[in-house]
Amino acid sequence: MGNFWLLAFILCQIIPTRTSVTVGGGVGINIGNADGGGGGVWIGGGINNNNPSPSSSPVSKLSSAYTALQAWKSAITDDPLGILKTWVGSNVCAYKGVFCAGSQGAMGPFVAGIDLNHANLQGSLVKELSLLSDISILHLNSNRFSGSVPETFKDIASLQELDLSNNHFSGPFPAVVLYIPNLVYLDLRFNSFSGSIPDELFHKRLDAIFLNNNQFEGELPQNLGYSPASVINLANNKLSGNIPVSFGLASSKLKEILLLNNQLTGCIPDGSQGCSRRCKFSTSLMNLTVAYNFFSGFSQECSKLFFRNAGFDFSLNCIPGRDMQRPEPECSMIPRGGLSCLRIPSAQPLVCGALLGNLEVNVSSTSP
C-alpha cells in the first residue's frame with residue numbers, strides 16, 4: 001500500500017498545478033510482488049464513481065486511452081498473473097496498473113501513469129501508446145517485452161520517466177528517446193541493446209541515465225562530462241577506449257558514475273591535464289566505480305584526490321602500486337597497459353583551453 005501512495009505523490013508533483021487531486025481507491029503498484037494487487041487507481045475522481053458526469057469524463061482523452069491500451073493488450077502474448085483480465089470495458093482508469101488524474105475543469109480525467117513493474121508480461125510495445133498524450137510515468141521493469149521502442153514515442157511530450165529495465169529489448173540504442181522533450185529519467189538496463197551510445201543522449205536534460213548490463217560497445221561519447229545528470233550507469237557493457245576530456249570537467253550535479261566491467265583503457269581523466277578546471281568533478285562526486293577495466297592510472301593533478309576518496313573503486317585495473325589489480329600478463333596485452341600516468345607531462349594550457357572550447361561549442365550547437 002505504501003508504494004501506491006509513493007506513486008500518487010510522484011504524480012501529484014508531475015501533473016500540472018491546476019489539477020485538483022483526490023485519491024479514489026484501488027491499488028496496483030509492483031504487480032506480481034507479494035504486497036501487490038488490487039485494481040487500477042483513479043486519482044481525481046475515484047474508481048467507485050460508476051456514473052461520472054459528462055464534464056469529468058471527456059470522450060476524447062479516455063477514448064484515445066482505450067484505443068491505445070486495447071491495441072497494446074492485443075500485442076501481449078502471455079499474462080501469467082492475469083493482469084489484463086481487468087483491462088475490459090471503457091473505464092480505463094479501473095485497469096490494473098493504470099493511474100488517472102484529472103481536474104475539475106474542462107480538462108477532465110486522463111491517464112497520467114502506467115506501472116506494470118514485475119508483471120511478467122510477454123509481448124511488445126505498440127505505436128498506439130503515443131495516444132496516451134498526457135502520461136508522465138511509464139514503468140515496465142521486470143517483464144518480457146521484446147522488439148524495439150516505437151518511433152511514435154517521440155509524440156508523448158509529457159513523458160518524464162521511462163523505465164524499460166530488465167526486459168528482452170534488443171537492437172541499437174532506441175534513438176526515439178532522444179526526441180521525448182521532457183524526459184528526465186531513462187532506465188534501459190538489463191536488456192540486449194547493442195551498438196554505440198549516441199552523443200546526443202548527454203545533451204538532454206536527463207537527471208538519471210541507466211544503460212548498464214547491455215551490449216553497448218565503442219568509445220564513450222566525448223561530451224559525457226557535460227551531462228546534467230546526477231547519476232550515470234554504463235557498467236557491464238563492452239565499451240572501449242579512453243575516458244573523454246569532458247569527464248574531468250563534469251558538473252557538480254554529478255554524484256555517481258559507474259563504468260565498471262567494460263574494456264576502457266588509458267588514464268583517469270585522460271586528456272584533461274593542464275586545464276585550470278581539471279578534477280573539478282572530484283570534489284562533489286560521491287561514487288566513481290571503474291573496476292574491471294584496463295586503466296593505467298590517474299592524471300598527475302588528480303591522483304591525490306582519487307586516492308583519498310573512499311567512494312572511488314579502481315580495483316582490477318592495471319594501476320601500478322595499487323592493491324587488487326589485474327595480473328601483469330593481462331595488462332601487458334592491452335595497449336598502454338603498462339603506462340604510468342603519473343609520468344605523462346601535462347599538456348600546454350593553450351592547447352587544452354582550445355580543445356575545451358571546441359567541445360563546449362559542439363555541445364551548445366547540437367543540443368536538441
# chains A, B, ... in the order shown; residues from 1 in each chain; ligands from 1
$ select_by_dssp --residues "range 143-258 of chain A" --states "strand (DSSP E or B)" --output "ChimeraX atom specification"
/A:144-147,161-163,168-172,185-187,192-195,208-210,215-219,231-233,238-241,256-258
$ closest_atom_pairs --of "range 180-248 of chain A" --to "range 148-161 of chain A" --cutoff "7 Å" --atoms "only C-alpha atoms" --output "CSV"
residue,atom,partner,partner_atom,distance
A:Ile180,CA,A:Lys154,CA,4.8
A:Pro181,CA,A:Ala157,CA,5.8
A:Asn182,CA,A:Gln160,CA,5.5
A:Leu183,CA,A:Gln160,CA,4.0
A:Val184,CA,A:Gln160,CA,5.3
A:Tyr185,CA,A:Glu161,CA,4.7
A:Leu186,CA,A:Glu161,CA,6.3
$ closest_residue --among "A:Leu220, A:Ala119, A:Leu62, A:Ala71" --to "Ser133 in chain A" --atoms "only C-alpha atoms"
A:Leu62
$ closest_residue --among "A:Ser124, A:Gly102, A:Phe173, A:Leu254" --to "Lys73 in chain A" --atoms "only C-alpha atoms"
A:Ser124
$ residues_around --residues "Ile232 in chain A" --least-positions-apart "3" --cutoff "8 Å" --atoms "only C-alpha atoms" --output "list of chain:residue names"
A:Ala208, A:Ile209, A:Phe210, A:Ala229, A:Glu256, A:Ile257, A:Leu258
$ residues_around --residues "Met324 in chain A" --least-positions-apart "6" --cutoff "9 Å" --atoms "only C-alpha atoms" --output "list in words"
Phe314, Ser315, Leu316 and Asn317 of chain A
$ atom_distance --atom1 "CA of Gly218 in chain A" --atom2 "CA of Leu239 in chain A"
5.2 Å
$ residues_around --residues "Asp78 in chain A" --least-positions-apart "3" --cutoff "12 Å" --atoms "only C-alpha atoms" --output "PDB file with N, CA, C and O atoms, in the first residue's frame"
ATOM      1  N   LYS A  73      -2.867  -4.411 -25.432  1.00  0.00           N
ATOM      2  CA  LYS A  73      -3.319  -5.691 -24.895  1.00  0.00           C
ATOM      3  C   LYS A  73      -3.248  -6.783 -25.960  1.00  0.00           C
ATOM      4  O   LYS A  73      -2.859  -7.925 -25.676  1.00  0.00           O
ATOM      5  N   SER A  74      -3.604  -6.442 -27.185  1.00  0.00           N
ATOM      6  CA  SER A  74      -3.581  -7.411 -28.282  1.00  0.00           C
ATOM      7  C   SER A  74      -2.162  -7.853 -28.632  1.00  0.00           C
ATOM      8  O   SER A  74      -1.975  -8.920 -29.227  1.00  0.00           O
ATOM      9  N   ALA A  75      -1.166  -7.026 -28.274  1.00  0.00           N
ATOM     10  CA  ALA A  75       0.228  -7.349 -28.578  1.00  0.00           C
ATOM     11  C   ALA A  75       0.914  -8.071 -27.426  1.00  0.00           C
ATOM     12  O   ALA A  75       2.111  -8.374 -27.514  1.00  0.00           O
ATOM     13  N   LEU A  81       0.009 -13.666 -14.621  1.00  0.00           N
ATOM     14  CA  LEU A  81      -0.598 -13.181 -13.379  1.00  0.00           C
ATOM     15  C   LEU A  81      -2.026 -12.680 -13.585  1.00  0.00           C
ATOM     16  O   LEU A  81      -2.661 -12.224 -12.639  1.00  0.00           O
ATOM     17  N   GLY A  82      -2.517 -12.731 -14.802  1.00  0.00           N
ATOM     18  CA  GLY A  82      -3.890 -12.313 -15.068  1.00  0.00           C
ATOM     19  C   GLY A  82      -4.125 -10.830 -14.936  1.00  0.00           C
ATOM     20  O   GLY A  82      -5.248 -10.397 -14.659  1.00  0.00           O
ATOM     21  N   ILE A  83      -3.092 -10.042 -15.154  1.00  0.00           N
ATOM     22  CA  ILE A  83      -3.220  -8.587 -15.023  1.00  0.00           C
ATOM     23  C   ILE A  83      -4.261  -8.036 -15.997  1.00  0.00           C
ATOM     24  O   ILE A  83      -5.090  -7.188 -15.651  1.00  0.00           O
ATOM     25  N   LEU A  84      -4.235  -8.542 -17.226  1.00  0.00           N
ATOM     26  CA  LEU A  84      -5.065  -7.960 -18.277  1.00  0.00           C
ATOM     27  C   LEU A  84      -6.527  -8.384 -18.200  1.00  0.00           C
ATOM     28  O   LEU A  84      -7.348  -7.895 -18.992  1.00  0.00           O
ATOM     29  N   LYS A  85      -6.851  -9.240 -17.275  1.00  0.00           N
ATOM     30  CA  LYS A  85      -8.258  -9.602 -17.098  1.00  0.00           C
ATOM     31  C   LYS A  85      -9.091  -8.402 -16.661  1.00  0.00           C
ATOM     32  O   LYS A  85     -10.305  -8.372 -16.857  1.00  0.00           O
ATOM     33  N   ALA A 119       5.243  -7.484 -13.624  1.00  0.00           N
ATOM     34  CA  ALA A 119       4.012  -8.145 -14.067  1.00  0.00           C
ATOM     35  C   ALA A 119       4.299  -9.409 -14.883  1.00  0.00           C
ATOM     36  O   ALA A 119       3.390 -10.187 -15.150  1.00  0.00           O
ATOM     37  N   ASN A 120       5.550  -9.592 -15.326  1.00  0.00           N
ATOM     38  CA  ASN A 120       5.964 -10.774 -16.084  1.00  0.00           C
ATOM     39  C   ASN A 120       5.196 -10.922 -17.399  1.00  0.00           C
ATOM     40  O   ASN A 120       4.915 -12.030 -17.852  1.00  0.00           O
ATOM     41  N   LEU A 121       4.841  -9.808 -17.986  1.00  0.00           N
ATOM     42  CA  LEU A 121       4.113  -9.825 -19.254  1.00  0.00           C
ATOM     43  C   LEU A 121       5.075 -10.089 -20.412  1.00  0.00           C
ATOM     44  O   LEU A 121       6.211  -9.604 -20.424  1.00  0.00           O
ATOM     45  N   GLN A 122       4.618 -10.832 -21.402  1.00  0.00           N
ATOM     46  CA  GLN A 122       5.398 -11.074 -22.603  1.00  0.00           C
ATOM     47  C   GLN A 122       4.688 -10.445 -23.796  1.00  0.00           C
ATOM     48  O   GLN A 122       3.470 -10.575 -23.948  1.00  0.00           O
ATOM     49  N   GLY A 123       5.446  -9.756 -24.633  1.00  0.00           N
ATOM     50  CA  GLY A 123       4.842  -9.105 -25.791  1.00  0.00           C
ATOM     51  C   GLY A 123       5.720  -7.990 -26.299  1.00  0.00           C
ATOM     52  O   GLY A 123       6.936  -8.018 -26.136  1.00  0.00           O
ATOM     53  N   SER A 124       5.112  -6.994 -26.901  1.00  0.00           N
ATOM     54  CA  SER A 124       5.850  -5.870 -27.473  1.00  0.00           C
ATOM     55  C   SER A 124       5.102  -4.572 -27.232  1.00  0.00           C
ATOM     56  O   SER A 124       3.920  -4.577 -26.856  1.00  0.00           O
ATOM     57  N   ASN A 143       9.672  -7.419 -16.927  1.00  0.00           N
ATOM     58  CA  ASN A 143       8.705  -8.118 -17.759  1.00  0.00           C
ATOM     59  C   ASN A 143       9.473  -8.868 -18.840  1.00  0.00           C
ATOM     60  O   ASN A 143      10.683  -9.084 -18.723  1.00  0.00           O
ATOM     61  N   ARG A 144       8.772  -9.266 -19.895  1.00  0.00           N
ATOM     62  CA  ARG A 144       9.410  -9.977 -21.006  1.00  0.00           C
ATOM     63  C   ARG A 144       9.073  -9.297 -22.339  1.00  0.00           C
ATOM     64  O   ARG A 144       8.869  -9.965 -23.352  1.00  0.00           O
ATOM     65  N   PHE A 145       9.032  -7.968 -22.301  1.00  0.00           N
ATOM     66  CA  PHE A 145       8.795  -7.230 -23.534  1.00  0.00           C
ATOM     67  C   PHE A 145      10.037  -7.297 -24.425  1.00  0.00           C
ATOM     68  O   PHE A 145      11.171  -7.265 -23.937  1.00  0.00           O
TER      69      PHE A 145
END
$ select_by_dssp --residues "range 98-215 of chain A" --states "helix (DSSP H, G or I)" --output "list of chain:residue names"
A:Lys127, A:Glu128, A:Leu129, A:Ser130, A:Leu131, A:Glu151, A:Thr152, A:Phe153, A:Lys154, A:Asp155, A:Ala175, A:Val176, A:Val177, A:Leu178, A:Tyr179, A:Asp199, A:Glu200, A:Leu201, A:Phe202, A:His203
$ write_last_selection --atoms "N, CA and C atoms" --output "PDB file, in the first residue's frame"
ATOM      1  N   LYS A 127       2.679   1.176 -31.420  1.00  0.00           N
ATOM      2  CA  LYS A 127       2.718   2.587 -31.781  1.00  0.00           C
ATOM      3  C   LYS A 127       1.560   3.374 -31.192  1.00  0.00           C
ATOM      4  N   GLU A 128       0.434   2.683 -30.921  1.00  0.00           N
ATOM      5  CA  GLU A 128      -0.748   3.379 -30.395  1.00  0.00           C
ATOM      6  C   GLU A 128      -0.539   3.939 -28.992  1.00  0.00           C
ATOM      7  N   LEU A 129       0.510   3.516 -28.305  1.00  0.00           N
ATOM      8  CA  LEU A 129       0.767   4.056 -26.963  1.00  0.00           C
ATOM      9  C   LEU A 129       1.011   5.559 -27.000  1.00  0.00           C
ATOM     10  N   SER A 130       1.367   6.088 -28.147  1.00  0.00           N
ATOM     11  CA  SER A 130       1.562   7.541 -28.254  1.00  0.00           C
ATOM     12  C   SER A 130       0.249   8.297 -28.095  1.00  0.00           C
ATOM     13  N   LEU A 131      -0.883   7.596 -28.166  1.00  0.00           N
ATOM     14  CA  LEU A 131      -2.175   8.242 -27.930  1.00  0.00           C
ATOM     15  C   LEU A 131      -2.345   8.642 -26.471  1.00  0.00           C
ATOM     16  N   GLU A 151       8.645   4.385 -32.849  1.00  0.00           N
ATOM     17  CA  GLU A 151       9.035   5.747 -33.204  1.00  0.00           C
ATOM     18  C   GLU A 151       8.016   6.782 -32.730  1.00  0.00           C
ATOM     19  N   THR A 152       6.770   6.364 -32.555  1.00  0.00           N
ATOM     20  CA  THR A 152       5.729   7.296 -32.138  1.00  0.00           C
ATOM     21  C   THR A 152       5.915   7.796 -30.715  1.00  0.00           C
ATOM     22  N   PHE A 153       6.820   7.183 -29.947  1.00  0.00           N
ATOM     23  CA  PHE A 153       7.043   7.636 -28.564  1.00  0.00           C
ATOM     24  C   PHE A 153       7.517   9.084 -28.530  1.00  0.00           C
ATOM     25  N   LYS A 154       8.089   9.561 -29.614  1.00  0.00           N
ATOM     26  CA  LYS A 154       8.549  10.956 -29.643  1.00  0.00           C
ATOM     27  C   LYS A 154       7.391  11.932 -29.512  1.00  0.00           C
ATOM     28  N   ASP A 155       6.173  11.443 -29.731  1.00  0.00           N
ATOM     29  CA  ASP A 155       4.998  12.306 -29.640  1.00  0.00           C
ATOM     30  C   ASP A 155       4.430  12.389 -28.233  1.00  0.00           C
ATOM     31  N   ALA A 175      16.814   5.409 -30.551  1.00  0.00           N
ATOM     32  CA  ALA A 175      17.046   6.833 -30.803  1.00  0.00           C
ATOM     33  C   ALA A 175      15.816   7.685 -30.545  1.00  0.00           C
ATOM     34  N   VAL A 176      14.646   7.088 -30.575  1.00  0.00           N
ATOM     35  CA  VAL A 176      13.421   7.859 -30.373  1.00  0.00           C
ATOM     36  C   VAL A 176      13.402   8.540 -29.005  1.00  0.00           C
ATOM     37  N   VAL A 177      14.070   7.961 -28.006  1.00  0.00           N
ATOM     38  CA  VAL A 177      14.034   8.577 -26.671  1.00  0.00           C
ATOM     39  C   VAL A 177      14.736   9.926 -26.670  1.00  0.00           C
ATOM     40  N   LEU A 178      15.611  10.164 -27.645  1.00  0.00           N
ATOM     41  CA  LEU A 178      16.304  11.448 -27.724  1.00  0.00           C
ATOM     42  C   LEU A 178      15.354  12.587 -28.064  1.00  0.00           C
ATOM     43  N   TYR A 179      14.179  12.242 -28.578  1.00  0.00           N
ATOM     44  CA  TYR A 179      13.227  13.258 -29.036  1.00  0.00           C
ATOM     45  C   TYR A 179      12.001  13.368 -28.142  1.00  0.00           C
ATOM     46  N   ASP A 199      26.066  10.432 -28.815  1.00  0.00           N
ATOM     47  CA  ASP A 199      26.479  11.658 -28.124  1.00  0.00           C
ATOM     48  C   ASP A 199      25.274  12.476 -27.671  1.00  0.00           C
ATOM     49  N   GLU A 200      24.229  12.481 -28.494  1.00  0.00           N
ATOM     50  CA  GLU A 200      23.062  13.323 -28.203  1.00  0.00           C
ATOM     51  C   GLU A 200      22.418  13.005 -26.859  1.00  0.00           C
ATOM     52  N   LEU A 201      22.615  11.786 -26.361  1.00  0.00           N
ATOM     53  CA  LEU A 201      21.998  11.403 -25.088  1.00  0.00           C
ATOM     54  C   LEU A 201      22.465  12.312 -23.961  1.00  0.00           C
ATOM     55  N   PHE A 202      23.712  12.717 -24.010  1.00  0.00           N
ATOM     56  CA  PHE A 202      24.270  13.512 -22.919  1.00  0.00           C
ATOM     57  C   PHE A 202      24.072  15.004 -23.146  1.00  0.00           C
ATOM     58  N   HIS A 203      23.377  15.376 -24.236  1.00  0.00           N
ATOM     59  CA  HIS A 203      22.927  16.755 -24.420  1.00  0.00           C
ATOM     60  C   HIS A 203      21.593  16.977 -23.716  1.00  0.00           C
TER      61      HIS A 203
END
$ atom_distance --atom1 "CA of Gly97 in chain A" --atom2 "CA of Ile114 in chain A"
5.6 Å
$ residues_around --residues "Asn233 in chain A" --least-positions-apart "3" --cutoff "12 Å" --atoms "only C-alpha atoms" --output "ChimeraX atom specification"
/A:186-190,207-214,224,229-230,236-237,254-262,287-290
$ write_last_selection --atoms "C-alpha atoms" --output "CSV table (one decimal), in the first residue's frame"
chain,number,residue,atom,x,y,z
A,186,LEU,CA,15.8,6.9,-18.5
A,187,ASP,CA,16.3,3.2,-17.4
A,188,LEU,CA,17.2,0.7,-20.1
A,189,ARG,CA,19.4,-1.6,-18.0
A,190,PHE,CA,19.4,-5.4,-18.2
A,207,ASP,CA,18.8,13.6,-14.3
A,208,ALA,CA,19.3,9.8,-14.3
A,209,ILE,CA,20.7,7.6,-17.1
A,210,PHE,CA,20.9,3.8,-16.6
A,211,LEU,CA,22.3,1.8,-19.5
A,212,ASN,CA,24.2,-0.9,-17.6
A,213,ASN,CA,24.1,-4.6,-18.4
A,214,ASN,CA,23.5,-4.3,-22.1
A,224,LEU,CA,29.9,12.6,-21.4
A,229,ALA,CA,22.6,14.0,-14.8
A,230,SER,CA,23.3,13.3,-11.2
A,236,ASN,CA,28.7,-4.2,-17.7
A,237,ASN,CA,28.9,-3.3,-21.4
A,254,LEU,CA,27.1,14.6,-10.9
A,255,LYS,CA,27.1,12.4,-7.8
A,256,GLU,CA,27.6,8.9,-9.2
A,257,ILE,CA,29.1,7.4,-12.3
A,258,LEU,CA,29.7,3.7,-12.8
A,259,LEU,CA,31.9,2.4,-15.6
A,260,LEU,CA,32.9,-1.0,-14.2
A,261,ASN,CA,33.4,-4.1,-16.2
A,262,ASN,CA,34.0,-2.6,-19.6
A,287,ASN,CA,30.8,7.3,-6.2
A,288,LEU,CA,33.1,6.7,-9.1
A,289,THR,CA,33.4,3.0,-10.0
A,290,VAL,CA,35.7,1.9,-12.8
$ closest_residue --among "A:Ile197, A:Ala101, A:Cys331, A:Val92" --to "Tyr292 in chain A" --atoms "only C-alpha atoms"
A:Cys331
